[in-house]
Amino acid sequence: MFADWPILSLTIWLPIIGGALVLASGDKSANATRWTALIISVLTFIASLPLYSSFDPATADMQFVERAPWITLFNIEYYLGIDGISMPLIILTTFITVFVIIAAWEVIQYKPASYLAAFLIMEGVMVGVFASLDAMLFYVFWEAMLIPMFLIIGVWGGPNRVYATIKFFLYTFFGSVFMLVALIYMYFQSGSFDILMFHNLKLGLSEQILIFIAFLLAFAVKVPMWPVHTWLPDAHVEAPTGGSVILAAIMLKIGGYGFLRFSLPISPDASHQLDWLIISLSLIAVVYIGFVALVQQDMKKLIAYSSIAHMGFVTLGFFIVFTITANPNAETGAMLGVQGGMVQMVSHGFISAALFLCVGVLYDRVHSREISAYGGVVNTMPIFGGFMVFFAMANAGLPGTSGFVGEFMVILASFRADFWYAFLAATTLIIGAAYTLWMVKRVVFGEVANDNVAALQDISSRELLILGSLALAVLMLGLWPGPLVEVMDASIANLLKHIAVSKL
Amino acid sequence: METFYLIIVLAPLLGAIVAGFWGAKIGRAGAHWVTSSGVGISALLSIYVLSGFVSGSRELFNGTVYTWMVSDGLNMEVGFLVDRLTAVMMTVVTFVSFCIHIYTIGYMAHDEENWPGGSLAGANSYQRFFSYISLFTFSMLMLVMSNNFLQLFFGWEAVGLVSYLLIGFWSVRPTAIFANLKAFLVNRVGDFGFLLGIAAIALYTNSLDYADVFARIPGLADTQIQIFGDTNWSLISVIGILLFIGAMGKSAQVPLHVWLPDSMEGPTPISALIHAATMVTAGVFMVARMSPIYEFSETALSFVLVIGATTAFFTGLIGIVQNDIKRVVAYSTLSQLGYMMVALGVSAYAAGIFHLMTHAFFKALLFLAAGSVIIGMHHDQDIRNMGGIRKYMPWTYWTSLIGSLALIGFPGFSGFFSKDAIIEAVHHSHIAGSGYAYAVVLIGVFITALYSFRMFFLVFHGEGPRDSHAKHHLKESPKVVTVPLVLLAIPSVGIGYLTMETMLFGDWFNNVLFVLPQHDTLAELGKGIHGPNSMIAHGFMGPALYLALAGLIVAWFIYTKKPDVAEMIKARLAPLYRALDKKYWFDEAYQFLFAGGSRGLGNALWSKGDRFIIDTVIINGSARTVGRIADWARTIQTGYLFHYAIAMILGLLLLLTWFVIA
């Protein structure tokens with residue numbers, strides 16, 4: 001019944017216009033502003049639900065399509081639509097934003113209206129990135145994303161925020177410039193910015209390789225992949241809690257999404273040629289970054305490095321498809337890797353958000369992110385301690401939580417590609433548990449370390465609502481990932497069919 | 001039928017949820033009632049299931065509960081397989097768990113004393129403890145009742161989680177939270193291999209369902225794969241060894257055994273339930289369940305055999321020099337787990353499971369008795385401070401005696417049948433490593449008797465406790481503690497005598513455990529044995545029995561008659577004593593290599609790789625280079641008109657020259 005409604009536009013523009021209104025209302029009555037922002041984010045979430053409930057999982061075609069000319073001179077269109085790859089990420093975005101708004105409630109006292117507005121606008125823009133089927137529209141949303149995040153870190157960030165914002169901005173901007181060149185090149189080849197047309201555009205190998213590298217620069221920075229990851233820990237450390245949550249839960253996913261929407265289908269032969277590069281970088285992310293995470297003293301840095309390692313599974317899952325298809329022993333399994341990567345993205349959205357919110361809970365009380373500033377937190381905050389242990393276990397990939405599902409699928413799939421891929425990927429079982437649980441040991445367990453910890457108050461009902469909802473999501477996805485995998489089936493099968501055919 | 005099995009699994013889970021989330025509301029009594037009834041229901045229904053199999057009225061059940069996901073034709077489901085092996089495991093798990101629920105009511109009654117004042121984590125710790133042990137029962141049931149590898153792994157990790165939570169239950173103790181992290185990580189090393197094994201199975205059989213996988217294994221018996229370069233490896237051996245690495249973690253086999261002694265930091269009831277009777281035997285269960293895989297690889301079987309034998313012998317030796325009452329029992333558990341693995345290695349799966357069952361009863365009994373002593377001694381666990389406790393704690397004394405006799409394999413006691421079956425099966429085996437295994441399991445019998453009765457005499461006999469204060473307060477533990485001891489003592493005596501004929505040599509495990517005829521050591525052994533009495537008679541003809549008695553007598557002589565002999569031997573064999581006292585330096589080596597090594601590697605990668613090469617050189621370096629070029633470029637732009645004019649003229653001249661020459 002919703003198939004003909006402009007739901008995507010609604011999900012994009014409702015928060016953007018709402019955000020503008022919140023911004024205009026100013027800080028005169030902070031509480032009214034907060035409620036307005038919350039209502040807008042909840043409405044947006046509700047508005048996005050038909051994308052799931054009315055989604056037809058049987059087809060790989062784009063659904064909820066909206067198409068109108070925009071800049072006719074260059075044949076640029078306002079062209080929206082989703083498939084099983086983008087839909088879960090949009091719902092993740094609208095879901096997480098609600099909690100970011102709630103998390104800011106009493107915490108952000110400095111210019112709350114601007115803060116909330118930035119997140120609402122950010123939400124709309126991110127949905128726009130996932131829903132765009134016109135490359136130029138995509139690019140506009142893609143770059144627009146930088147501005148709210150730049151402001152969020154720059155205005156509400158920590159002491160070293162200027163360095164972090166500049167680093168963040170330059171890194172991501174550096175990557176996306178090359179993408180723009182690639183998009184324009186393809187426009188000249190095809191005469192349009194229609195992404196689906198790009199998919200079927202005939203390209204030679206050297207063209208494909210250049211395009212692939214241009215996209216890689218953009219997406220690798222976003223994911224982020226080793227060695228272009230060093231902006232992330234800095235950005236996380238300086239960002240306010242909400243900024244970290246959006247950054248980890250959604251913005252990183254845009255890089256992974258880009259590989260599926262652009263790199264693989266547009267340059268399948270180059271992807272095949274260069275898959276060793278992505279696989280190597282992914283495995284480096286899992287192992288190398290895992291060890292780096294182990295020695296972090298700052299909780300946010302630790303979780304940031306953990307994010308990079310977990311995103312390594314995403315790119316690994318996406319790019320082992322060629323090796324699996326080439327393996328005579330593996331009848332199937334390429335799809336397992338890609339679906340595993342997708343599930344990992346959604347799951348990491350929940351878990352990293354929850355972990356950053358947990359750190360936020362502690363930071364709001366003690367104003368330190370150093371692990372050594374804590375110890376024995378469970379003695380004064382037993383409920384919080386329970387949540388922290390739960391999310392840590394999810395981060396360590398415990399079965400029954402969502403963290404397990406994606407890793408399990410990708411490890412199973414990578415074994416089909418090569419024993420050593422699986423071997424290296426599976427080391428996360430040990431390293432991931434080591435860095436996460438060692439942090440928990442030092443922060444949550446033990447005797448009360450100091451007066452700050454002794455004075456802690458357990459989480460409020462507002463914090464309980466946030467952490468409880470995320471815990472529920474993590475548990476549900478862990479116990480029954482079937483429905484999520486099902487909606488992606490047709491789209492991913494279609495993608496794999498597409499990339500199996502050489503463009504040469 | 002499915003609903004029926006679901007009740008068995010979900011009743012403990014429900015108890016755990018209620019006690020965990022509403023512990024403060026329902027209070028202590030509410031928590032122990034709701035969890036104990038949940039587990040009690042499971043226990044009763046499990047016994048009903050088992051009796052159904054005994055009478056022959058129950059059929060094997062293999063069904064799906066729900067589909068977890070389907071990806072790429074790979075069906076991942078949650079489902080139950082209930083056959084005779086499962087029924088035995090379910091009964092053992094729920095029965096022991098039920099006894100431990102009851103016991104915990106007494107043992108944890110004063111838990112608030114274990115927490116610092118004002119700690120909110122200690123506020124409802126009693127309820128939380130019950131919630132955890134019920135959650136454990138649920139997880140363990142999921143593990144043993146699974147019909148596929150996914151759920152097996154789920155249960156496998158879930159019991160690990162609960163073990164982690166319970167070892168670190170007293171989270172204010174630094175030793176406890178060190179031990180639980182260690183336990184989890186060492187287990188994860190095992191799980192690492194286990195998961196790769198599952199991945200290999202998924203690749204070559206394209207299924208995770210036991211029945212499907214087992215059906216395809218014989219067809220893969222000759223498949224070779226390449227892992228290192230071009231060397232060929234038998235696929236089944238690789239799968240078998242990878243899966244067994246998981247079992248080595250969970251069942252604490254050398255060299256992944258280091259976590260189990262430290263796990264004694266947890267409260268005693270869970271040492272009995274998780275770290276003696278049930279969870280640690282999951283590896284044994286798993287290998288037995290996978291017998292259709294292991295039978296096709298003698299390499300994997302030999303691997304199991306040698307690891308098991310090594311564990312049985314070397315950890316038993318350590319048991320002799322321990323002075324903490326729980327650690328003695330812990331090393332004894334390690335050693336006995338080694339015996340079970342030895343049984344599996346010689347394809348005597350039935351004997352392994354049989355020993356698992358008898359061991360669950362008598363080892364849980366020994367742990368609970370040790371706990372009872374610990375209550376009496378006001379949480380002093382050093383056996384050198386004890387002595388003469390027999391007079392004060394008669395119930396604990398007699399049940400401990402039963403447990404110890406069962407452990408050393410005294411004729412007629414349950415442990416006799418299971419251990420003798422293992423030793424004789426090894427004797428009949430011809431696979432690589434069986435000679436070594438036979439030698440060490442025999443010497444192991446002597447060692448077992450020695451450490452068991454060393455502890456027994458030191459604790460219960462001789463002069464009373466040194467500390468007169470402790471002596472004054474010594475009294476028998478309350479009924480909730482002694483009743484479970486009696487409940488466990490009964491099967492420790494009789495279960496072997498009653499069931500050995502069916503389980504070891506009968507048709508109980510037909511179509512459940514798969515044994516190739518050329519590996520069937522038990523059938524060979526069974527030719528000479530007709531009933532339990534015949535087995536006892538047979539025992540008198542072998543060396544094991546005499547070795548056990550010798551160990552008992554040596555312990556009696558040294559620890560009740562001539563205590564200075566122990567000191568003399570210690571002085572004579574100082575280097576050996578040191579090696580045992582230091583547990584062969586495993587902990588130190590691991591601490592240095594793995595804990596220190598990974599921190600060092602992490603620091604190096606971070607400070608050299610991330611911060612120096614990437615950030616300082618590449619990122620900030622290129623920023624500086626841009627800055628330097630800009631600085632230089634700025635110097636050209638002097639602002640003087642004549643500079644620009646000269647530059648223009650020079651440029652023009654150059655251009656002109658170029659045009660002319662070209």
# chains A, B, ... in the order shown; residues from 1 in each chain; ligands from 1
>>> select_by_dssp(residues="segment 265-394 of chain B", states="helix (DSSP H, G or I)", output="PyMOL selection string")
chain B and resi 265+268-277+279-289+291-294+298-321+325-345+349-376+383-385+389-391+394
>>> residues_around(residues="segment 395-407 of chain A", least_positions_apart="3", cutoff="7 Å", atoms="only C-alpha atoms", output="list in words")
Phe313, Gly340, Gly341, Val343, Gln344, Ser347, His348, Ile351, Phe391, Ala392, Val410, Ile411, Leu429, Gly432, Ala433, Thr436, Val474, Leu475, Leu477, Gly478 and Leu479 of chain A; Phe154 and Glu157 of chain B
>>> write_last_selection(atoms="N, CA and C atoms", output="short mmCIF file (atom, residue, chain, number, x, y, z; two decimals), in the first residue's frame")
data_model
loop_
_atom_site.label_atom_id
_atom_site.label_comp_id
_atom_site.auth_asym_id
_atom_site.auth_seq_id
_atom_site.Cartn_x
_atom_site.Cartn_y
_atom_site.Cartn_z
N PHE A 313 36.09 -7.18 8.35
CA PHE A 313 35.26 -8.31 7.96
C PHE A 313 34.32 -7.97 6.83
N GLY A 340 27.27 -11.85 4.76
CA GLY A 340 27.96 -11.74 6.04
C GLY A 340 28.48 -10.34 6.25
N GLY A 341 29.07 -9.77 5.21
CA GLY A 341 29.56 -8.40 5.31
C GLY A 341 28.44 -7.42 5.61
N VAL A 343 25.49 -8.12 7.06
CA VAL A 343 25.01 -8.34 8.43
C VAL A 343 25.99 -7.71 9.42
N GLN A 344 27.27 -7.86 9.12
CA GLN A 344 28.28 -7.28 10.00
C GLN A 344 28.11 -5.77 10.09
N SER A 347 25.04 -5.07 12.27
CA SER A 347 25.32 -5.43 13.65
C SER A 347 26.32 -4.47 14.28
N HIS A 348 27.33 -4.13 13.52
CA HIS A 348 28.32 -3.21 14.06
C HIS A 348 27.70 -1.85 14.33
N ILE A 351 26.23 -2.34 17.80
CA ILE A 351 27.17 -2.61 18.89
C ILE A 351 28.11 -1.42 19.11
N PHE A 391 27.47 -5.75 25.92
CA PHE A 391 27.91 -5.21 24.64
C PHE A 391 29.35 -5.59 24.33
N ALA A 392 30.15 -5.73 25.37
CA ALA A 392 31.52 -6.18 25.15
C ALA A 392 31.52 -7.59 24.58
N VAL A 410 31.24 -14.61 7.47
CA VAL A 410 32.41 -14.25 6.68
C VAL A 410 33.53 -15.28 6.87
N ILE A 411 33.69 -15.78 8.08
CA ILE A 411 34.74 -16.79 8.29
C ILE A 411 34.41 -18.07 7.52
N LEU A 429 38.63 -13.95 16.96
CA LEU A 429 38.01 -14.62 18.09
C LEU A 429 38.84 -14.42 19.35
N GLY A 432 39.96 -10.08 19.39
CA GLY A 432 38.78 -9.27 19.68
C GLY A 432 38.33 -9.45 21.12
N ALA A 433 38.32 -10.69 21.57
CA ALA A 433 37.93 -10.94 22.95
C ALA A 433 38.96 -10.32 23.89
N THR A 436 38.60 -6.36 24.05
CA THR A 436 37.34 -5.92 24.62
C THR A 436 37.23 -6.29 26.10
N VAL A 474 20.46 -6.01 19.43
CA VAL A 474 21.63 -6.89 19.29
C VAL A 474 21.22 -8.35 19.51
N LEU A 475 20.37 -8.55 20.50
CA LEU A 475 19.94 -9.90 20.84
C LEU A 475 19.03 -10.48 19.76
N LEU A 477 18.77 -9.70 16.59
CA LEU A 477 19.52 -9.99 15.36
C LEU A 477 20.42 -11.21 15.56
N GLY A 478 20.88 -11.39 16.78
CA GLY A 478 21.75 -12.53 17.05
C GLY A 478 20.98 -13.85 17.10
N LEU A 479 19.76 -13.79 17.63
CA LEU A 479 19.00 -15.02 17.78
C LEU A 479 18.26 -15.39 16.52
N PHE B 154 27.02 -22.42 19.41
CA PHE B 154 26.29 -21.50 20.29
C PHE B 154 26.37 -21.98 21.74
N GLU B 157 29.94 -21.70 23.20
CA GLU B 157 30.37 -20.37 23.62
C GLU B 157 29.51 -19.87 24.79
#
>>> residues_around(residues="Arg454 of chain B", least_positions_apart="3", cutoff="9 Å", atoms="only C-alpha atoms", output="MDAnalysis selection string")
chainID B and resid 320 449:451 457:459 552 554:556 558:559
>>> write_last_selection(atoms="N, CA and C atoms", output="PDB file, in the first residue's frame")
ATOM      1  N   ILE B 320      49.799 -33.853  43.200  1.00  0.00           N
ATOM      2  CA  ILE B 320      50.429 -34.357  44.427  1.00  0.00           C
ATOM      3  C   ILE B 320      50.993 -33.225  45.279  1.00  0.00           C
ATOM      4  N   ALA B 449      45.638 -42.294  42.980  1.00  0.00           N
ATOM      5  CA  ALA B 449      45.393 -42.777  44.338  1.00  0.00           C
ATOM      6  C   ALA B 449      46.232 -41.992  45.339  1.00  0.00           C
ATOM      7  N   LEU B 450      47.460 -41.678  44.938  1.00  0.00           N
ATOM      8  CA  LEU B 450      48.366 -40.972  45.838  1.00  0.00           C
ATOM      9  C   LEU B 450      47.833 -39.580  46.176  1.00  0.00           C
ATOM     10  N   TYR B 451      47.505 -38.781  45.145  1.00  0.00           N
ATOM     11  CA  TYR B 451      47.065 -37.424  45.474  1.00  0.00           C
ATOM     12  C   TYR B 451      45.691 -37.402  46.123  1.00  0.00           C
ATOM     13  N   PHE B 457      43.662 -37.957  53.718  1.00  0.00           N
ATOM     14  CA  PHE B 457      44.239 -38.160  55.060  1.00  0.00           C
ATOM     15  C   PHE B 457      44.596 -36.832  55.710  1.00  0.00           C
ATOM     16  N   LEU B 458      45.163 -35.916  54.908  1.00  0.00           N
ATOM     17  CA  LEU B 458      45.542 -34.625  55.493  1.00  0.00           C
ATOM     18  C   LEU B 458      44.327 -33.866  56.017  1.00  0.00           C
ATOM     19  N   VAL B 459      43.216 -33.976  55.296  1.00  0.00           N
ATOM     20  CA  VAL B 459      42.039 -33.205  55.689  1.00  0.00           C
ATOM     21  C   VAL B 459      41.306 -33.859  56.845  1.00  0.00           C
ATOM     22  N   LEU B 552      47.192 -45.816  47.415  1.00  0.00           N
ATOM     23  CA  LEU B 552      46.433 -45.584  48.641  1.00  0.00           C
ATOM     24  C   LEU B 552      47.297 -45.866  49.865  1.00  0.00           C
ATOM     25  N   VAL B 554      50.615 -46.034  50.093  1.00  0.00           N
ATOM     26  CA  VAL B 554      51.722 -45.080  50.218  1.00  0.00           C
ATOM     27  C   VAL B 554      51.212 -43.791  50.852  1.00  0.00           C
ATOM     28  N   ALA B 555      50.058 -43.316  50.383  1.00  0.00           N
ATOM     29  CA  ALA B 555      49.502 -42.084  50.944  1.00  0.00           C
ATOM     30  C   ALA B 555      49.209 -42.266  52.428  1.00  0.00           C
ATOM     31  N   TRP B 556      48.654 -43.409  52.764  1.00  0.00           N
ATOM     32  CA  TRP B 556      48.315 -43.672  54.165  1.00  0.00           C
ATOM     33  C   TRP B 556      49.579 -43.686  55.022  1.00  0.00           C
ATOM     34  N   ILE B 558      52.614 -42.353  54.344  1.00  0.00           N
ATOM     35  CA  ILE B 558      53.332 -41.082  54.438  1.00  0.00           C
ATOM     36  C   ILE B 558      52.555 -40.063  55.264  1.00  0.00           C
ATOM     37  N   TYR B 559      51.260 -39.980  55.013  1.00  0.00           N
ATOM     38  CA  TYR B 559      50.532 -38.838  55.587  1.00  0.00           C
ATOM     39  C   TYR B 559      49.861 -39.125  56.916  1.00  0.00           C
TER      40      TYR B 559
END
>>> closest_residue(among="A:Phe318, A:Asn327, A:Phe419, A:Ile430", to="Phe291 of chain A", atoms="only C-alpha atoms")
A:Ile430
>>> residues_around(residues="Leu260 of chain B", least_positions_apart="4", cutoff="10 Å", atoms="only C-alpha atoms", output="list of chain:residue names")
B:Ala179, B:Asn180, B:Lys182, B:Ala183, B:Val186, B:Gly249, B:Lys250, B:Ser251, B:Ala252, B:Gln253, B:Leu256, B:Met264, B:Glu265, B:Ser271, B:His275, B:Ala276, B:Val280, B:Arg327, B:Ala330, B:Tyr331, B:Thr333, B:Leu334
>>> write_last_selection(atoms="N, CA and C atoms", output="PDB file, in the first residue's frame")
ATOM      1  N   ALA B 179      41.506 -14.573  36.556  1.00  0.00           N
ATOM      2  CA  ALA B 179      41.248 -15.965  36.171  1.00  0.00           C
ATOM      3  C   ALA B 179      40.144 -16.046  35.115  1.00  0.00           C
ATOM      4  N   ASN B 180      39.126 -15.204  35.224  1.00  0.00           N
ATOM      5  CA  ASN B 180      38.035 -15.373  34.264  1.00  0.00           C
ATOM      6  C   ASN B 180      38.426 -14.873  32.879  1.00  0.00           C
ATOM      7  N   LYS B 182      41.460 -14.983  31.726  1.00  0.00           N
ATOM      8  CA  LYS B 182      42.360 -16.024  31.241  1.00  0.00           C
ATOM      9  C   LYS B 182      41.561 -17.209  30.710  1.00  0.00           C
ATOM     10  N   ALA B 183      40.558 -17.611  31.476  1.00  0.00           N
ATOM     11  CA  ALA B 183      39.752 -18.749  31.056  1.00  0.00           C
ATOM     12  C   ALA B 183      39.084 -18.460  29.718  1.00  0.00           C
ATOM     13  N   VAL B 186      41.789 -18.347  26.813  1.00  0.00           N
ATOM     14  CA  VAL B 186      42.344 -19.653  26.465  1.00  0.00           C
ATOM     15  C   VAL B 186      41.278 -20.482  25.747  1.00  0.00           C
ATOM     16  N   GLY B 249      40.485 -26.722  24.367  1.00  0.00           N
ATOM     17  CA  GLY B 249      40.210 -25.527  25.151  1.00  0.00           C
ATOM     18  C   GLY B 249      39.155 -25.811  26.208  1.00  0.00           C
ATOM     19  N   LYS B 250      38.027 -26.321  25.743  1.00  0.00           N
ATOM     20  CA  LYS B 250      36.896 -26.497  26.662  1.00  0.00           C
ATOM     21  C   LYS B 250      37.196 -27.555  27.703  1.00  0.00           C
ATOM     22  N   SER B 251      37.832 -28.648  27.304  1.00  0.00           N
ATOM     23  CA  SER B 251      38.101 -29.724  28.246  1.00  0.00           C
ATOM     24  C   SER B 251      39.506 -29.634  28.816  1.00  0.00           C
ATOM     25  N   ALA B 252      40.131 -28.482  28.684  1.00  0.00           N
ATOM     26  CA  ALA B 252      41.393 -28.191  29.360  1.00  0.00           C
ATOM     27  C   ALA B 252      42.440 -29.265  29.156  1.00  0.00           C
ATOM     28  N   GLN B 253      42.780 -29.538  27.892  1.00  0.00           N
ATOM     29  CA  GLN B 253      43.852 -30.482  27.610  1.00  0.00           C
ATOM     30  C   GLN B 253      45.148 -29.712  27.373  1.00  0.00           C
ATOM     31  N   LEU B 256      46.382 -26.334  26.509  1.00  0.00           N
ATOM     32  CA  LEU B 256      45.382 -25.294  26.805  1.00  0.00           C
ATOM     33  C   LEU B 256      44.726 -25.535  28.173  1.00  0.00           C
ATOM     34  N   MET B 264      39.291 -22.051  39.780  1.00  0.00           N
ATOM     35  CA  MET B 264      38.858 -22.348  41.144  1.00  0.00           C
ATOM     36  C   MET B 264      38.605 -21.077  41.959  1.00  0.00           C
ATOM     37  N   GLU B 265      38.928 -19.931  41.364  1.00  0.00           N
ATOM     38  CA  GLU B 265      38.605 -18.663  42.016  1.00  0.00           C
ATOM     39  C   GLU B 265      37.101 -18.469  42.158  1.00  0.00           C
ATOM     40  N   SER B 271      32.501 -24.705  40.639  1.00  0.00           N
ATOM     41  CA  SER B 271      33.653 -25.553  40.345  1.00  0.00           C
ATOM     42  C   SER B 271      33.170 -26.978  40.158  1.00  0.00           C
ATOM     43  N   HIS B 275      33.204 -26.746  36.245  1.00  0.00           N
ATOM     44  CA  HIS B 275      34.604 -27.061  36.027  1.00  0.00           C
ATOM     45  C   HIS B 275      34.977 -28.454  36.493  1.00  0.00           C
ATOM     46  N   ALA B 276      33.989 -29.300  36.659  1.00  0.00           N
ATOM     47  CA  ALA B 276      34.293 -30.690  36.972  1.00  0.00           C
ATOM     48  C   ALA B 276      33.304 -31.626  36.288  1.00  0.00           C
ATOM     49  N   VAL B 280      33.347 -28.871  31.329  1.00  0.00           N
ATOM     50  CA  VAL B 280      34.662 -29.313  30.868  1.00  0.00           C
ATOM     51  C   VAL B 280      34.594 -30.656  30.157  1.00  0.00           C
ATOM     52  N   ARG B 327      42.310 -26.882  44.513  1.00  0.00           N
ATOM     53  CA  ARG B 327      43.243 -27.090  43.406  1.00  0.00           C
ATOM     54  C   ARG B 327      43.636 -28.550  43.256  1.00  0.00           C
ATOM     55  N   ALA B 330      40.986 -29.888  41.326  1.00  0.00           N
ATOM     56  CA  ALA B 330      41.029 -29.364  39.970  1.00  0.00           C
ATOM     57  C   ALA B 330      42.044 -30.116  39.129  1.00  0.00           C
ATOM     58  N   TYR B 331      43.230 -30.344  39.681  1.00  0.00           N
ATOM     59  CA  TYR B 331      44.221 -31.102  38.912  1.00  0.00           C
ATOM     60  C   TYR B 331      43.766 -32.525  38.687  1.00  0.00           C
ATOM     61  N   THR B 333      40.728 -33.296  38.210  1.00  0.00           N
ATOM     62  CA  THR B 333      39.780 -33.196  37.093  1.00  0.00           C
ATOM     63  C   THR B 333      40.517 -33.169  35.763  1.00  0.00           C
ATOM     64  N   LEU B 334      41.572 -32.370  35.698  1.00  0.00           N
ATOM     65  CA  LEU B 334      42.355 -32.306  34.467  1.00  0.00           C
ATOM     66  C   LEU B 334      42.821 -33.697  34.066  1.00  0.00           C
TER      67      LEU B 334
END
>>> residues_around(residues="Ile423 of chain B", least_positions_apart="5", cutoff="10 Å", atoms="only C-alpha atoms", output="PyMOL selection string")
chain B and resi 339+342-343+351+418+428+437-442+445+542+544
>>> atom_distance(atom1="atom CA of Tyr139 of chain A", atom2="atom CA of Ile71 of chain A")
14.1 Å
>>> atom_distance(atom1="atom CA of Ser534 of chain B", atom2="atom CA of Ala360 of chain B")
24.6 Å
>>> closest_residue(among="A:Ala394, A:Leu146, A:Ile466, A:Val378", to="chain B", atoms="only C-alpha atoms")
A:Val378
>>> atom_distance(atom1="atom CA of Arg34 of chain A", atom2="atom CA of Val100 of chain A")
11.5 Å
>>> residues_around(residues="Ser237 of chain B", least_positions_apart="6", cutoff="7 Å", atoms="only C-alpha atoms", output="list in words")
Ser297, Thr299 and Ala300 of chain B
>>> write_last_selection(atoms="N, CA and C atoms", output="tab-separated table (two decimals), in the first residue's frame")
chain	number	residue	atom	x	y	z
B	297	SER	N	39.86	-41.05	10.53
B	297	SER	CA	41.21	-40.51	10.55
B	297	SER	C	41.97	-41.05	11.75
B	299	THR	N	45.01	-40.50	12.19
B	299	THR	CA	45.89	-39.41	12.60
B	299	THR	C	45.21	-38.59	13.68
B	300	ALA	N	43.97	-38.23	13.43
B	300	ALA	CA	43.25	-37.42	14.42
B	300	ALA	C	43.07	-38.21	15.71
>>> residues_around(residues="Lys300 of chain A", least_positions_apart="2", cutoff="12 Å", atoms="only C-alpha atoms", output="PyMOL selection string")
chain A and resi 232-241+243-245+248+293+296-298+302-307+352-360+362-363+368-371+436+439
>>> closest_residue(among="B:Arg289, B:Arg58, B:Lys471, B:Arg611", to="chain A", atoms="only C-alpha atoms")
B:Arg611
>>> decode(residues="segment 210-221 of chain B", atoms="N, CA and C atoms", output="PDB file, in the first residue's frame")
ATOM      1  N   TYR B 210      24.162 -32.413  11.559  1.00  0.00           N
ATOM      2  CA  TYR B 210      24.957 -33.624  11.862  1.00  0.00           C
ATOM      3  C   TYR B 210      24.661 -34.751  10.880  1.00  0.00           C
ATOM      4  N   ALA B 211      23.376 -35.053  10.724  1.00  0.00           N
ATOM      5  CA  ALA B 211      23.017 -36.236   9.940  1.00  0.00           C
ATOM      6  C   ALA B 211      23.540 -36.096   8.511  1.00  0.00           C
ATOM      7  N   ASP B 212      23.352 -34.920   7.922  1.00  0.00           N
ATOM      8  CA  ASP B 212      23.843 -34.687   6.557  1.00  0.00           C
ATOM      9  C   ASP B 212      25.349 -34.831   6.488  1.00  0.00           C
ATOM     10  N   VAL B 213      26.010 -34.183   7.450  1.00  0.00           N
ATOM     11  CA  VAL B 213      27.473 -34.180   7.439  1.00  0.00           C
ATOM     12  C   VAL B 213      28.001 -35.601   7.583  1.00  0.00           C
ATOM     13  N   PHE B 214      27.474 -36.320   8.572  1.00  0.00           N
ATOM     14  CA  PHE B 214      27.978 -37.670   8.818  1.00  0.00           C
ATOM     15  C   PHE B 214      27.757 -38.561   7.600  1.00  0.00           C
ATOM     16  N   ALA B 215      26.638 -38.322   6.913  1.00  0.00           N
ATOM     17  CA  ALA B 215      26.363 -39.146   5.739  1.00  0.00           C
ATOM     18  C   ALA B 215      27.397 -38.889   4.648  1.00  0.00           C
ATOM     19  N   ARG B 216      27.922 -37.688   4.598  1.00  0.00           N
ATOM     20  CA  ARG B 216      28.861 -37.382   3.502  1.00  0.00           C
ATOM     21  C   ARG B 216      30.317 -37.654   3.849  1.00  0.00           C
ATOM     22  N   ILE B 217      30.601 -37.863   5.136  1.00  0.00           N
ATOM     23  CA  ILE B 217      31.997 -38.016   5.543  1.00  0.00           C
ATOM     24  C   ILE B 217      32.693 -39.217   4.886  1.00  0.00           C
ATOM     25  N   PRO B 218      32.061 -40.412   4.854  1.00  0.00           N
ATOM     26  CA  PRO B 218      32.772 -41.548   4.251  1.00  0.00           C
ATOM     27  C   PRO B 218      33.212 -41.249   2.818  1.00  0.00           C
ATOM     28  N   GLY B 219      32.410 -40.478   2.097  1.00  0.00           N
ATOM     29  CA  GLY B 219      32.764 -40.128   0.729  1.00  0.00           C
ATOM     30  C   GLY B 219      33.962 -39.198   0.640  1.00  0.00           C
ATOM     31  N   LEU B 220      34.266 -38.557   1.744  1.00  0.00           N
ATOM     32  CA  LEU B 220      35.388 -37.609   1.735  1.00  0.00           C
ATOM     33  C   LEU B 220      36.651 -38.219   2.333  1.00  0.00           C
ATOM     34  N   ALA B 221      36.569 -39.507   2.686  1.00  0.00           N
ATOM     35  CA  ALA B 221      37.672 -40.124   3.436  1.00  0.00           C
ATOM     36  C   ALA B 221      39.006 -40.017   2.703  1.00  0.00           C
TER      37      ALA B 221
END
